[in-house]
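Step one of this worksheet: look at the structure below.
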Amino acid sequence: PCKQFCFIPKLPEIMSEPKKPTLATSMALGGTAAAFAVNFTHPIELVKTRLQVSGGSIGATCSEILSKEGVTAFWKGIPFGYGRELSYTSIKLGAYAPVRDAMGANDPNSPFYLKFAAGALTGGVGSIFGNPFDVMKTLAQTNKGSESLGALVNNLYRDQGAAGFYRGVQVNIMRACVLNATKMGCYDMAKGHVSTATGWDRKDPKTVFASSFIAGFFMTITVAPWDMLRTKLMNQPTDVKLYDGFVDCASKTIKEGGVLSLWRGFVPIWARFAPQATLQLLTIEALYTHLGYKGI
């Protein structure tokens, strides 16, 4: 029996640091998170794409789709959407943390330009692999007829060959660099500020939600012009070339509608980016936590 002055020493608590996922594992989780999120954001992107191509209002565009094509038309091109997320987004989202860590920017106080550089690098590389899916998804979303997905692919290959699947690739790479640098850089930095201001843990869903929403807003501001040019270049008829590259496309767009026309569809772009970024980041952070990995 223990006397009055007897005590039992407490063993020190050993806190194990969460392990870091490998590049391949992180990319697989990024692709999974993105493929899940696109189910909810694809209809918003379809409306955004049609607004960029033909103008008009959000209400009129949605009404026309519903009355002439039916509710399922909002998910036109979703198979290409899955292909895009499992290629492009698996790299831009999943590879970000491993690449950032390899660049020595894994500390919350690391210079912002290193985080932006990691985002730009993974986004640019991912866009090269995802460009064919982007082209086909854009053609499918703007197709108001009943042409099958297979027919769209065959027509493009017949008229332009394999190169047709890489039209608009220059502006798509630039868009991806700007988008992912802004998205992942702002998200990474916002997590630190939100966590400090609120006392929430960096992996807390509230921190992830607030940070991803902030990142979504700044993404829209920086990416909208590139998104407009990419849509126009990718939506060219398979048998007609309307633009000689993104510079020609930009100059013609500005000449026709002014500089602000590059931000046409800002509201639906934000309506897509904010929930998409939130869903993707919440899902990948949840997967990281569930599997015992360190979060972004």
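Residues are named by chain letter and number: chains run A, B, ... in the order of the structure tokens, numbers start at 1 in each chain, and ligands are numbered from 1 in the order shown.
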Open item on the list: Which of range 53-269 of chain A end up as helix (DSSP H, G or I) when DSSP is run on this backbone - answer as a ChimeraX atom specification?
Closed with: /A:53-54,58-68,71-75,78-92,96-102,112-142,149-166,169-198,205-234,245-257,259-263,266-269
- [ ] Fewer than 2 positions away in the same chain doesn't count, so skip those; otherwise give me all residues within 10 Å of range 93-95 of chain A, counting only C-alpha atoms, as JSON, numbers by chain.
- [x] {"A": [21, 22, 23, 24, 25, 26, 27, 28, 29, 30, 31, 32, 33, 34, 85, 88, 89, 90, 91, 97, 98, 99, 100, 118, 119, 121, 122, 123, 126, 180, 183, 184, 277, 280, 281, 284, 296]}
TODO: For each of A:Leu229, A:Cys249, A:Ile78, A:Val135, take the minimum atom-to-atom distance to Phe40 in chain A, counting only C-alpha atoms, then give the residue where this is smallest.
DONE: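 So, comparing all the options, the nearest one is A:Ile78.
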Could you give me, as CSV, every range 233-289 of chain A residue with an atom at most 9 Å from range 201-207 of chain A, plus its closest atom pair and distance in Å to one decimal, counting only C-alpha atoms, rows ordered by chain then number?
residue,atom,partner,partner_atom,distance
A:Leu282,CA,A:Pro205,CA,6.8
A:Glu285,CA,A:Lys203,CA,7.1
A:Ala286,CA,A:Pro205,CA,8.4
A:Thr289,CA,A:Lys203,CA,8.1
Task: Nearest-residue call for Lys48 in chain A, choices A:Phe246, A:Phe218, A:Tyr166, A:Trp270, using only C-alpha atoms - done: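 That would be A:Trp270, the residue with the smallest distance to Lys48 in chain A.
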Open item on the list: Please list as a PyMOL selection string every residue within 8 Å of Asp188 in chain A, counting only C-alpha atoms and excluding residues in the same chain fewer than 6 positions away.
Closed with: chain A and resi 108+115+211+296
Task: Best match for closeness to Cys186 in chain A among A:Phe112, A:Leu242, A:Gln141, A:Pro43, counting only C-alpha atoms - done: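 The answer is A:Phe112, which sits nearest to Cys186 in chain A.
Across the structure, CA of Ile58 in chain A and CA of Gln236 in chain A are spaced 22.3 Å apart.
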Task: Residue nearest Cys177 in chain A - candidates A:Ser63, A:Gln160, A:Asn235, A:Thr222, atoms counted: only C-alpha atoms - done: A:Thr222
TODO: Compare A:Val53, A:Tyr96, A:Gly164, A:Asp227 by their minimum atom-to-atom distance to Lys241 in chain A, counting only C-alpha atoms, and give me the closest one.
DONE: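 Among the listed residues, the smallest separation from Lys241 in chain A belongs to A:Gly164.
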Task: Minimum-distance residue to Arg175 in chain A, chosen among A:Asn131, A:Thr138, A:Thr238, A:Ser54 (using only C-alpha atoms) - done: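 Once distances to Arg175 in chain A are computed over only C-alpha atoms, the minimum belongs to A:Asn131.
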Open item on the list: What does the structure give for the distance between CA of Gln170 in chain A and CA of Gly77 in chain A, in Å to one decimal?
Closed with: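 These atoms are spaced 22.4 Å apart.
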Task: CA of Gly56 in chain A to CA of Ile44 in chain A, distance in Å rounded to a single decimal - done: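 For CA of Gly56 in chain A relative to CA of Ile44 in chain A, the distance reads 15.1 Å.
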